[in-house]
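Visitor: Dropping in start25.txt, with compact mmCIF, C-alpha atoms and all ligand atoms.
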```txt
# COMPACT_ATOMS: atom_id res chain seq x y z
CA MET A 242 -25.67 -207.97 41.39
CA PHE A 243 -28.89 -206.24 40.28
CA GLU A 244 -26.92 -204.30 37.63
CA ASN A 245 -25.10 -207.43 36.41
CA SER A 246 -28.30 -209.34 35.84
CA LEU A 247 -29.82 -206.37 33.99
CA ALA A 248 -26.71 -206.14 31.77
CA GLN A 249 -26.95 -209.88 31.13
CA ALA A 250 -30.63 -209.63 30.25
CA PHE A 251 -29.81 -206.80 27.85
CA SER A 252 -26.95 -208.67 26.17
CA SER A 253 -28.79 -211.95 25.83
CA HIS A 254 -31.88 -210.27 24.33
CA PHE A 255 -30.24 -207.67 22.07
CA LYS A 256 -27.00 -209.60 21.33
CA ARG A 257 -24.74 -206.67 22.21
CA PRO A 258 -23.64 -204.92 25.41
CA PRO A 259 -25.55 -201.96 26.88
CA GLN A 260 -24.05 -198.47 26.52
CA PHE A 261 -25.92 -196.67 29.30
CA SER A 262 -26.98 -197.50 32.83
CA VAL A 263 -29.56 -195.25 34.47
CA SER A 264 -31.43 -195.43 37.72
CA ALA A 265 -34.12 -193.26 39.32
CA PRO A 266 -35.78 -193.76 42.72
CA GLY A 267 -39.32 -193.86 44.08
CA ARG A 268 -40.23 -191.41 46.82
CA VAL A 269 -42.18 -190.77 49.95
CA ASN A 270 -43.48 -187.34 50.92
CA LEU A 271 -42.80 -186.21 54.50
CA ILE A 272 -45.26 -183.31 54.26
CA GLY A 273 -46.85 -181.02 51.67
CA GLU A 274 -49.76 -182.89 50.12
CA HIS A 275 -51.68 -181.59 47.08
CA THR A 276 -49.65 -178.39 47.22
CA ASP A 277 -47.41 -179.08 44.20
CA TYR A 278 -50.03 -178.36 41.53
CA ASN A 279 -50.94 -175.21 43.50
CA GLU A 280 -47.36 -173.93 43.10
CA GLY A 281 -46.74 -174.48 46.81
CA PHE A 282 -44.15 -176.26 48.95
CA VAL A 283 -43.42 -179.98 49.41
CA LEU A 284 -40.86 -181.94 51.45
CA PRO A 285 -40.37 -185.40 49.90
CA CYS A 286 -37.38 -187.72 50.00
CA ALA A 287 -36.24 -190.36 47.53
CA LEU A 288 -35.98 -193.98 48.65
CA GLN A 289 -33.73 -196.98 48.16
CA TYR A 290 -36.30 -198.46 45.77
CA LYS A 291 -35.34 -197.74 42.17
CA THR A 292 -36.11 -198.24 38.51
CA ASN A 293 -32.96 -199.33 36.66
CA VAL A 294 -32.59 -199.06 32.93
CA MET A 295 -29.87 -200.28 30.59
CA ALA A 296 -29.85 -199.30 26.95
CA ALA A 297 -27.90 -198.86 23.73
CA LYS A 298 -28.54 -196.55 20.81
CA ARG A 299 -29.75 -197.84 17.45
CA SER A 300 -28.96 -196.40 14.07
CA ASP A 301 -32.65 -196.31 13.06
CA SER A 302 -35.75 -194.76 14.65
CA ILE A 303 -37.05 -197.91 16.39
CA ILE A 304 -37.56 -198.22 20.15
CA ASN A 305 -37.46 -201.77 21.51
CA ALA A 306 -38.00 -202.19 25.23
CA PHE A 307 -38.87 -204.84 27.75
CA SER A 308 -39.15 -204.97 31.49
CA LEU A 309 -37.88 -207.85 33.62
CA GLN A 310 -41.16 -207.52 35.51
CA TYR A 311 -43.19 -208.13 32.31
CA PRO A 312 -40.86 -210.18 30.09
CA GLU A 313 -43.61 -211.17 27.65
CA ALA A 314 -44.71 -207.57 27.03
CA ILE A 315 -42.16 -206.37 24.49
CA GLU A 316 -42.57 -202.74 23.44
CA HIS A 317 -41.76 -201.88 19.84
CA PHE A 318 -42.51 -198.55 18.15
CA ASP A 319 -41.12 -196.17 15.58
CA LEU A 320 -40.15 -192.58 16.42
CA SER A 321 -40.77 -191.50 12.84
CA GLN A 322 -44.49 -192.30 13.24
CA PRO A 323 -46.99 -190.54 15.52
CA ILE A 324 -46.61 -192.00 19.03
CA GLU A 325 -49.81 -193.75 20.04
CA HIS A 326 -50.86 -195.76 23.06
CA GLY A 327 -49.51 -199.29 23.02
CA LEU A 328 -50.72 -202.68 24.20
CA TYR A 329 -49.12 -202.56 27.63
CA PRO A 330 -49.91 -200.05 30.41
CA TRP A 331 -46.25 -199.92 31.55
CA GLY A 332 -45.10 -199.15 28.02
CA ASP A 333 -47.32 -196.07 27.83
CA TYR A 334 -45.10 -194.30 30.36
CA LEU A 335 -42.14 -194.86 28.02
CA ARG A 336 -44.18 -193.73 25.02
CA GLY A 337 -45.44 -190.70 26.95
CA VAL A 338 -41.92 -189.52 27.85
CA VAL A 339 -40.59 -190.07 24.33
CA ASN A 340 -43.59 -188.24 22.94
CA GLU A 341 -42.90 -185.20 25.15
CA LEU A 342 -39.24 -185.19 24.06
CA LEU A 343 -40.33 -185.20 20.42
CA LYS A 344 -42.95 -182.49 21.04
CA ALA A 345 -40.20 -180.32 22.54
CA GLU A 346 -38.26 -180.90 19.28
CA HIS A 347 -35.36 -182.74 20.87
CA VAL A 348 -33.40 -184.71 18.32
CA ILE A 349 -33.46 -188.36 19.38
CA SER A 350 -33.29 -191.68 17.55
CA GLY A 351 -33.91 -195.36 18.24
CA MET A 352 -32.86 -197.26 21.33
CA ASP A 353 -32.88 -200.80 22.73
CA ILE A 354 -33.89 -200.71 26.40
CA VAL A 355 -34.26 -203.13 29.29
CA ILE A 356 -35.92 -202.07 32.53
CA SER A 357 -36.11 -203.48 36.01
CA SER A 358 -37.74 -201.91 39.04
CA ASN A 359 -37.98 -202.75 42.72
CA VAL A 360 -40.24 -199.80 43.51
CA PRO A 361 -43.36 -201.48 44.94
CA GLN A 362 -46.25 -200.75 42.57
CA GLY A 363 -49.56 -199.40 43.81
CA SER A 364 -48.05 -198.46 47.18
CA GLY A 365 -47.98 -194.73 46.56
CA LEU A 366 -44.18 -194.71 46.20
CA SER A 367 -44.27 -193.24 42.68
CA SER A 368 -43.02 -196.14 40.64
CA SER A 369 -44.25 -194.42 37.49
CA ALA A 370 -42.36 -191.17 38.21
CA ALA A 371 -39.19 -193.19 38.82
CA PHE A 372 -39.64 -194.86 35.41
CA GLU A 373 -40.34 -191.57 33.62
CA VAL A 374 -37.30 -189.87 35.12
CA ALA A 375 -35.07 -192.85 34.29
CA ILE A 376 -36.22 -192.72 30.65
CA ALA A 377 -35.80 -188.94 30.44
CA GLY A 378 -32.32 -189.30 31.99
CA LEU A 379 -31.42 -192.01 29.49
CA PHE A 380 -32.37 -189.97 26.40
CA ASN A 381 -30.79 -186.86 27.89
CA GLU A 382 -27.45 -188.66 28.25
CA ALA A 383 -27.58 -190.66 25.03
CA PHE A 384 -28.40 -187.69 22.81
CA GLY A 385 -26.69 -184.89 24.76
CA LEU A 386 -29.96 -182.99 25.23
CA GLY A 387 -28.53 -180.88 28.04
CA LEU A 388 -31.70 -181.06 30.15
CA SER A 389 -31.52 -180.08 33.82
CA GLY A 390 -33.12 -182.16 36.60
CA PRO A 391 -36.19 -179.91 36.75
CA GLN A 392 -36.53 -180.03 32.95
CA MET A 393 -36.41 -183.84 32.95
CA ALA A 394 -38.93 -183.88 35.80
CA ARG A 395 -41.23 -181.62 33.76
CA ILE A 396 -41.01 -184.00 30.79
CA GLY A 397 -42.13 -186.85 33.10
CA GLN A 398 -44.96 -184.80 34.53
CA LEU A 399 -46.15 -183.77 31.04
CA ALA A 400 -46.13 -187.43 30.00
CA GLU A 401 -48.52 -188.14 32.90
CA ASN A 402 -50.69 -185.09 32.17
CA ASN A 403 -50.89 -185.48 28.40
CA PHE A 404 -50.43 -189.19 27.65
CA ILE A 405 -51.61 -191.00 30.79
CA ASP A 406 -54.29 -188.40 31.61
CA CYS A 407 -53.29 -188.02 35.24
CA GLN A 408 -53.22 -184.32 36.19
CA CYS A 409 -50.47 -184.76 38.79
CA GLY A 410 -48.07 -182.05 39.91
CA ILE A 411 -44.29 -182.17 39.64
CA MET A 412 -43.26 -183.37 43.10
CA ASP A 413 -42.73 -187.08 42.35
CA GLN A 414 -40.64 -186.55 39.23
CA LEU A 415 -38.61 -183.69 40.71
CA ILE A 416 -37.58 -185.55 43.85
CA SER A 417 -36.71 -188.60 41.74
CA ALA A 418 -34.47 -186.41 39.56
CA GLU A 419 -32.88 -184.21 42.22
CA ALA A 420 -32.77 -186.00 45.59
CA GLN A 421 -29.58 -186.00 47.63
CA PHE A 422 -28.31 -188.74 49.96
CA HIS A 423 -29.59 -188.75 53.57
CA SER A 424 -31.87 -185.79 52.91
CA ALA A 425 -35.38 -184.68 52.19
CA LEU A 426 -35.75 -181.88 49.67
CA LEU A 427 -37.76 -178.74 50.34
CA ILE A 428 -39.15 -177.91 46.89
CA ASP A 429 -40.75 -174.64 45.92
CA CYS A 430 -43.10 -175.81 43.17
CA GLN A 431 -43.45 -172.25 41.85
CA ASP A 432 -39.86 -171.78 40.68
CA LEU A 433 -38.68 -175.40 41.25
CA SER A 434 -35.87 -174.28 43.54
CA THR A 435 -34.82 -176.84 46.15
CA ARG A 436 -33.13 -176.95 49.56
CA PRO A 437 -31.85 -180.25 51.00
CA VAL A 438 -32.81 -180.88 54.62
CA ALA A 439 -30.78 -183.62 56.31
CA ILE A 440 -32.69 -186.48 57.91
CA PRO A 441 -31.03 -187.48 61.21
CA ASP A 442 -29.54 -190.99 61.26
CA ASP A 443 -31.54 -192.12 64.26
CA LEU A 444 -34.89 -191.20 62.70
CA ALA A 445 -36.70 -194.18 61.19
CA LEU A 446 -38.81 -193.75 58.11
CA LEU A 447 -41.57 -196.31 57.75
CA VAL A 448 -43.96 -196.47 54.83
CA ILE A 449 -47.04 -198.54 55.56
CA ASN A 450 -49.16 -199.45 52.56
CA SER A 451 -52.80 -199.81 53.51
CA ASN A 452 -53.52 -202.04 50.50
CA TYR A 453 -56.92 -200.36 50.37
CA PRO A 454 -58.18 -200.65 46.76
CA ARG A 455 -57.67 -197.19 45.16
CA LYS A 456 -60.84 -197.17 43.09
CA LEU A 457 -61.76 -193.57 42.32
CA ALA A 458 -58.32 -192.14 43.00
CA ASP A 459 -57.69 -190.50 39.61
CA SER A 460 -61.08 -188.84 39.20
CA GLU A 461 -61.12 -187.67 42.83
CA TYR A 462 -57.56 -186.32 42.40
CA ASN A 463 -58.53 -184.33 39.31
CA GLU A 464 -61.65 -183.05 41.10
CA ARG A 465 -59.52 -181.74 44.00
CA ARG A 466 -57.32 -179.93 41.54
CA LEU A 467 -60.33 -178.24 39.91
CA ALA A 468 -61.66 -177.14 43.32
CA CYS A 469 -58.29 -175.49 44.10
CA GLU A 470 -58.29 -173.75 40.72
CA LEU A 471 -61.84 -172.49 41.31
CA ALA A 472 -60.88 -171.05 44.71
CA ALA A 473 -57.83 -169.33 43.18
CA SER A 474 -59.77 -167.84 40.28
CA THR A 475 -62.46 -166.54 42.67
CA MET A 476 -59.67 -164.73 44.55
CA GLY A 477 -58.39 -163.38 41.23
CA ILE A 478 -55.02 -165.11 41.54
CA SER A 479 -53.36 -167.63 39.23
CA SER A 480 -52.67 -170.24 41.91
CA LEU A 481 -53.29 -170.80 45.63
CA ARG A 482 -49.62 -170.12 46.29
CA SER A 483 -50.28 -166.45 46.89
CA ALA A 484 -53.48 -167.02 48.91
CA THR A 485 -53.59 -166.38 52.66
CA MET A 486 -56.34 -167.22 55.13
CA THR A 487 -57.33 -163.54 55.00
CA THR A 488 -57.72 -163.45 51.21
CA LEU A 489 -59.50 -166.82 51.32
CA ASP A 490 -61.90 -165.71 54.06
CA ALA A 491 -62.71 -162.62 51.98
CA VAL A 492 -64.30 -164.84 49.28
CA LYS A 493 -65.82 -167.40 51.66
CA THR A 494 -69.42 -166.46 50.77
CA GLN A 495 -68.72 -166.76 47.04
CA ILE A 496 -67.57 -170.39 47.14
CA SER A 497 -69.05 -173.59 48.53
CA ASP A 498 -67.98 -174.85 51.93
CA LYS A 499 -66.26 -177.75 50.16
CA VAL A 500 -64.17 -175.52 47.89
CA TYR A 501 -63.34 -173.30 50.90
CA ARG A 502 -62.03 -176.31 52.86
CA ARG A 503 -59.96 -177.58 49.91
CA ALA A 504 -58.27 -174.19 49.61
CA LYS A 505 -57.87 -173.88 53.39
CA HIS A 506 -55.95 -177.15 53.39
CA VAL A 507 -53.56 -175.87 50.73
CA VAL A 508 -52.98 -172.49 52.40
CA THR A 509 -52.36 -174.04 55.83
CA GLU A 510 -50.32 -176.93 54.40
CA ASN A 511 -47.86 -174.55 52.70
CA ALA A 512 -47.19 -172.91 56.07
CA ARG A 513 -46.81 -176.33 57.72
CA VAL A 514 -44.23 -177.48 55.15
CA LEU A 515 -41.98 -174.50 55.83
CA LYS A 516 -42.28 -175.00 59.59
CA ALA A 517 -41.65 -178.73 59.26
CA ALA A 518 -38.52 -178.18 57.14
CA ASP A 519 -37.14 -175.82 59.80
CA ALA A 520 -38.03 -178.20 62.62
CA LEU A 521 -36.29 -181.09 60.82
CA GLN A 522 -33.25 -178.95 60.14
CA THR A 523 -32.92 -177.82 63.76
CA GLY A 524 -33.65 -181.29 65.16
CA ASP A 525 -36.87 -180.12 66.83
CA LEU A 526 -38.61 -183.45 66.36
CA ASN A 527 -41.51 -182.76 68.72
CA THR A 528 -42.55 -179.79 66.59
CA LEU A 529 -42.11 -181.85 63.42
CA TYR A 530 -44.32 -184.62 64.83
CA SER A 531 -47.10 -182.26 65.86
CA ILE A 532 -47.08 -180.47 62.47
CA MET A 533 -47.31 -183.83 60.69
CA HIS A 534 -50.29 -184.75 62.82
CA GLU A 535 -52.02 -181.45 61.99
CA ALA A 536 -51.30 -182.15 58.32
CA HIS A 537 -53.06 -185.49 58.54
CA LEU A 538 -56.11 -183.96 60.19
CA SER A 539 -56.25 -181.31 57.47
CA LEU A 540 -56.21 -184.04 54.78
CA LYS A 541 -58.90 -185.92 56.68
CA HIS A 542 -61.32 -183.10 57.46
CA ASP A 543 -60.64 -180.36 54.88
CA PHE A 544 -59.14 -182.00 51.79
CA GLU A 545 -60.97 -185.30 52.44
CA ILE A 546 -58.56 -187.65 50.71
CA THR A 547 -58.12 -190.16 53.53
CA VAL A 548 -60.13 -193.36 53.92
CA PRO A 549 -61.01 -195.28 57.11
CA ALA A 550 -58.12 -197.70 56.47
CA THR A 551 -55.43 -194.99 56.28
CA ASP A 552 -57.01 -193.02 59.16
CA GLY A 553 -57.02 -196.30 61.08
CA LEU A 554 -53.32 -196.92 60.37
CA VAL A 555 -52.53 -193.40 61.56
CA ASP A 556 -54.48 -193.97 64.78
CA ILE A 557 -52.81 -197.34 65.41
CA CYS A 558 -49.31 -195.89 64.93
CA MET A 559 -49.97 -192.71 66.91
CA GLN A 560 -51.34 -194.73 69.83
CA ALA A 561 -48.37 -197.09 69.74
CA LEU A 562 -45.92 -194.18 69.65
CA ASN A 563 -47.67 -192.13 72.31
CA ASN A 564 -46.40 -188.73 71.03
CA LYS A 565 -42.89 -190.10 70.36
CA GLY A 566 -43.38 -190.02 66.60
CA ALA A 567 -45.78 -189.05 63.85
CA CYS A 568 -47.84 -190.75 61.22
CA ARG A 569 -49.83 -189.27 58.36
CA GLN A 570 -51.38 -190.10 55.01
CA THR A 571 -48.74 -189.60 52.32
CA GLY A 572 -49.16 -189.13 48.55
CA GLY A 573 -52.34 -188.58 46.58
CA GLY A 574 -54.61 -190.45 49.03
CA PHE A 575 -57.85 -192.43 48.62
CA GLY A 576 -55.94 -195.40 50.03
CA GLY A 577 -52.21 -195.77 49.39
CA ALA A 578 -49.74 -195.43 52.19
CA VAL A 579 -49.07 -193.64 55.45
CA ILE A 580 -45.63 -192.44 56.49
CA CYS A 581 -44.49 -192.92 60.04
CA LEU A 582 -41.48 -191.13 61.54
CA CYS A 583 -40.10 -192.28 64.88
CA ALA A 584 -36.89 -193.18 66.69
CA LYS A 585 -35.27 -196.33 65.27
CA GLU A 586 -35.69 -198.03 68.66
CA ASP A 587 -39.50 -197.62 68.41
CA VAL A 588 -39.91 -199.27 65.02
CA GLN A 589 -40.71 -202.69 66.43
CA THR A 590 -43.43 -201.21 68.65
CA VAL A 591 -45.10 -199.75 65.56
CA ILE A 592 -44.78 -202.98 63.58
CA ASP A 593 -46.25 -205.01 66.46
CA ALA A 594 -49.19 -202.62 66.81
CA VAL A 595 -49.99 -202.66 63.07
CA GLU A 596 -49.73 -206.45 62.97
CA ALA A 597 -51.97 -206.86 66.02
CA LYS A 598 -54.68 -204.38 65.02
CA TYR A 599 -54.86 -203.45 61.34
CA TYR A 600 -56.13 -206.72 59.87
CA GLN A 601 -58.48 -207.19 62.78
CA GLN A 602 -60.07 -203.77 62.18
CA PHE A 603 -60.04 -203.50 58.38
CA SER A 604 -59.64 -207.07 57.03
CA LEU A 605 -56.63 -205.84 55.02
CA HIS A 606 -52.96 -206.75 55.34
CA ALA A 607 -50.56 -203.81 55.57
CA ASP A 608 -47.10 -203.91 53.98
CA ILE A 609 -44.53 -202.24 56.19
CA LEU A 610 -41.42 -200.92 54.44
CA ARG A 611 -38.39 -199.61 56.30
CA CYS A 612 -37.11 -196.87 54.05
CA GLU A 613 -33.82 -195.02 53.72
CA PRO A 614 -33.44 -191.60 52.12
CA HIS A 615 -31.45 -192.01 48.90
CA ARG A 616 -30.08 -189.92 46.08
CA GLY A 617 -31.93 -189.16 42.87
CA LEU A 618 -31.28 -189.95 39.20
CA THR A 619 -27.89 -191.46 38.32
CA VAL A 620 -26.70 -191.86 34.75
CA GLU A 621 -23.61 -193.68 33.56
CA ALA A 622 -22.22 -194.02 30.04
CA LEU A 623 -20.79 -197.55 30.20
CA ASP A 624 -18.50 -197.25 27.18
CA LYS A 625 -16.79 -194.27 28.83
CA VAL A 626 -15.94 -196.18 32.01
CA ALA A 627 -14.99 -199.46 30.28
C1 LIG A 701 -49.53 -187.66 43.75
C2 LIG A 701 -49.12 -186.73 42.61
C3 LIG A 701 -48.24 -185.58 43.13
C4 LIG A 701 -48.89 -184.88 44.33
C5 LIG A 701 -49.38 -185.91 45.36
C6 LIG A 701 -50.17 -185.27 46.47
O1 LIG A 701 -48.41 -188.31 44.26
O2 LIG A 701 -48.42 -187.45 41.63
O3 LIG A 701 -47.99 -184.68 42.09
O4 LIG A 701 -49.91 -184.03 43.92
O5 LIG A 701 -50.17 -186.92 44.77
O6 LIG A 701 -49.36 -184.46 47.24
```
Let me see the structure of the file written as structure tokens.

Guide:
Amino acid sequence: MFENSLAQAFSSHFKRPPQFSVSAPGRVNLIGEHTDYNEGFVLPCALQYKTNVMAAKRSDSIINAFSLQYPEAIEHFDLSQPIEHGLYPWGDYLRGVVNELLKAEHVISGMDIVISSNVPQGSGLSSSAAFEVAIAGLFNEAFGLGLSGPQMARIGQLAENNFIDCQCGIMDQLISAEAQFHSALLIDCQDLSTRPVAIPDDLALLVINSNYPRKLADSEYNERRLACELAASTMGISSLRSATMTTLDAVKTQISDKVYRRAKHVVTENARVLKAADALQTGDLNTLYSIMHEAHLSLKHDFEITVPATDGLVDICMQALNNKGACRQTGGGFGGAVICLCAKEDVQTVIDAVEAKYYQQFSLHADILRCEPHRGLTVEALDKVA
């Protein structure tokens, strides 16, 4: 249905049928926060929310694109000219990805593109990474670039780093490119190797968006990254991946308490991710829940990226679940969403508790999304299947 209406929108706007259909999902992270840009471990899973793209090649160097979400904002630019920022914020993600492909000297030409996304924006579910990966997947297929999932993810990340000026790591793009059905993916952000970890059918995955306004999120994010880099360079290592609490404690007097706590979060979080992946794999949910709780406390006290609204959501859910589940801040922080894992039969208890208490305490409405782990990037050449 969704695909048909996108194909119709393409045909009625561009007066010809689309040749490619691509889709890439948003994500939620189970555990492993702010470890990706420290070459550490993460355990995200892709969701049923996706960005869908349909497109057809052009014989010139022009890119025309529009999104069903912003039908008036038509993107139009020429690949033979330097790629600059455009009029529309959403279009800059497209420009950023195309720009990285050109910088890497991939041979591409013009394209007509229509986009539609049901990844909720501003909820911390990585709608922008889903879009970047869909665009990288489209050009990869259309021009036979031969890029692997990790290479496409890197293109998306570089678009964020270089064009959007967000110094994010690679987690969001990599899970969007590589996720497998019914599974989370343990990612080693040093060598980008992955291991799927099945999510049991009876485990519910709730994402609760705090709707707290994320004001200083980007500058605070970049500041956290610098603090981690400072801690690593003081230890004489290239990233916190190889740090241990012993090597960190050895430089404690040379760094501020703040920088020490940022690094401590990363070192302890890497260990938690590995333990959590094993606990999920062996069905040891009690261990998984307690590690997730520790992870939240580490984000709250050491990395300091939670806000009263997300801490409040965690408290409300944990109280409602009474040790039969876990809830923690997920994603970059400074607002955004919490993830709650519990038995499917306890979902209503959580929803009731959030509805009864969250608005009353924080004067904000929470959006509660029941999520399913889904597969990553899919690409289809329509003329081949016709
Ligand atoms: C954002 C970034 C990711 C990652 C998380 C925190 O989602 O895009 O690269 O750093 O924050 O874990």

Visitor: Excluding Leu328 (chain A) and residues on its chain fewer than 3 positions from it, collect all residues at most 12 Å away from it, counting all atoms listed in the file, and give them as an NGL selection string.

Guide: :A and (313-318 or 325 or 331-334 or 336)

Visitor: Selected residues, C-alpha atoms, written as a compact mmCIF listing (two decimals), in the frame of the given file, please.

Guide:
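File written: again-v6.txt
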```
# COMPACT_ATOMS: atom_id res chain seq x y z
CA GLU A 313 -43.61 -211.17 27.65
CA ALA A 314 -44.71 -207.57 27.03
CA ILE A 315 -42.16 -206.37 24.49
CA GLU A 316 -42.57 -202.74 23.44
CA HIS A 317 -41.76 -201.88 19.84
CA PHE A 318 -42.51 -198.55 18.15
CA GLU A 325 -49.81 -193.75 20.04
CA TRP A 331 -46.25 -199.92 31.55
CA GLY A 332 -45.10 -199.15 28.02
CA ASP A 333 -47.32 -196.07 27.83
CA TYR A 334 -45.10 -194.30 30.36
CA ARG A 336 -44.18 -193.73 25.02
```

Visitor: My list of candidates is A:Leu538, A:Ala512, A:Leu446, A:Ala468. Which is closest to Cys286 (chain A) when distances are computed with all atoms listed in the file?

Guide: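 The shortest atom-to-atom distance to Cys286 (chain A) comes from A:Leu446.
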
Visitor: Please identify all protein, DNA and RNA residues within 6 Å of ligand LIG 701 (chain A), counting only C-alpha atoms and all ligand atoms, and report them as a PyMOL selection string.

Guide: chain A and resi 274-275+277+409-413+572-573

Visitor: Select, from A:Phe603, A:Phe255, A:Phe282, A:Phe575, the residue with the minimum atom-to-atom distance to Ala297 (chain A), counting only C-alpha atoms.

Guide: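 With only C-alpha atoms as the atom set, the closest residue is A:Phe255.
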
Visitor: Can you pull out the residues contacting Leu582 (chain A)? Cut-off 6 Å, using all atoms listed in the file, and skip same-chain residues under 6 positions away; I want them as a list in words.

Guide: Ala445, Leu446, Gly566 and Ala567 of chain A

Visitor: Just want the 8 Å neighbourhood of Gly267 (chain A), counted on only C-alpha atoms, with same-chain residues fewer than 5 positions away dropped. Output as a list of chain:residue names.

Guide: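 Listing them by chain and then by number gives A:Ala287, A:Leu288, A:Gln289, A:Tyr290, A:Lys291, A:Thr292, A:Val360, A:Leu366, A:Ser367, A:Ser368, A:Ala370, A:Ala371, A:Asp413, A:Ser417.
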
Visitor: Of the residues A:Ile496, A:Val348, A:Leu388, A:Leu515, which is the one nearest to Asp429 (chain A), using all atoms listed in the file?

Guide: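 So, comparing all the options, the nearest one is A:Leu515.
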
Visitor: Counting all atoms listed in the file, which of A:Gly387, A:Gly281, A:Gly363, A:Gly337 gets nearest to Glu401 (chain A)?

Guide: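 For Glu401 (chain A), the nearest of the given residues is A:Gly337.
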
Visitor: For Gly477 (chain A), find every residue with an atom within 12 Å (counting all atoms listed in the file), except residues of its own chain fewer than 4 positions away, and show them as a ChimeraX atom specification.

Guide: /A:470-473,481,483-484,488-489,491-492

Visitor: For the residues selected in the previous step, produce a file with C-alpha atoms as a short mmCIF file (atom, residue, chain, number, x, y, z; two decimals), in the frame of the given file.

Guide:
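Wrote it out as again09.cif, contents follow:
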```
data_model
loop_
_atom_site.label_atom_id
_atom_site.label_comp_id
_atom_site.auth_asym_id
_atom_site.auth_seq_id
_atom_site.Cartn_x
_atom_site.Cartn_y
_atom_site.Cartn_z
CA GLU A 470 -58.29 -173.75 40.72
CA LEU A 471 -61.84 -172.49 41.31
CA ALA A 472 -60.88 -171.05 44.71
CA ALA A 473 -57.83 -169.33 43.18
CA LEU A 481 -53.29 -170.80 45.63
CA SER A 483 -50.28 -166.45 46.89
CA ALA A 484 -53.48 -167.02 48.91
CA THR A 488 -57.72 -163.45 51.21
CA LEU A 489 -59.50 -166.82 51.32
CA ALA A 491 -62.71 -162.62 51.98
CA VAL A 492 -64.30 -164.84 49.28
#
```

Visitor: Just want the 9 Å neighbourhood of region 382-385 of chain A, counted on only C-alpha atoms, with same-chain residues fewer than 3 positions away dropped. Output as a list in words.

Guide: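 In the requested format, the answer is Gln260, Phe261, Ala297, Lys298, His347, Val348, Ile349, Ser350, Ala377, Gly378, Leu379, Leu388, Val620, Glu621 and Ala622 of chain A.
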
Visitor: Between CA of Ala517 (chain A) and CA of Pro361 (chain A), what distance in Å does the model show, to one decimal?

Guide: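 That distance, rounded to one decimal, is 26.9 Å.
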
Visitor: Find the residue from A:Asn359, A:Glu596, A:Phe307, A:Val263 that sits nearest to Ala250 (chain A); use only C-alpha atoms when measuring.

Guide: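 With only C-alpha atoms as the atom set, the closest residue is A:Phe307.
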
Visitor: At most 10 Å from (-33.4, -178.3, 58.6), file frame, all atoms listed in the file: which residues, as a PyMOL selection string?

Guide: chain A and resi 424-427+436-441+515-525

Visitor: Which one is closest to Thr485 (chain A): A:Ala607, A:Glu419, A:Thr590, A:Val507? Count all atoms listed in the file.

Guide: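 Among the listed residues, the smallest separation from Thr485 (chain A) belongs to A:Val507.
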
Visitor: Quick one, how far is CA of Gly390 (chain A) from CA of Leu415 (chain A)?

Guide: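 Separation between CA of Gly390 (chain A) and CA of Leu415 (chain A): 7.0 Å.
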
Visitor: For the atom pair CA of Leu309 (chain A) and CA of Gln249 (chain A), what is the interatomic distance in Å to one decimal place?

Guide: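 Going from CA of Leu309 (chain A) over to CA of Gln249 (chain A), I get 11.4 Å.
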
Visitor: May I have the protein, DNA and RNA residues with an atom at most 12 Å from (-23.3, -205.3, 28.3), counting only C-alpha atoms in the file's coordinates, returned as JSON, numbers by chain?

Guide: {"A": [244, 245, 246, 247, 248, 249, 250, 251, 252, 253, 254, 255, 256, 257, 258, 259, 260, 261, 262, 295, 296, 297, 353, 354, 355, 622, 623, 624, 627]}
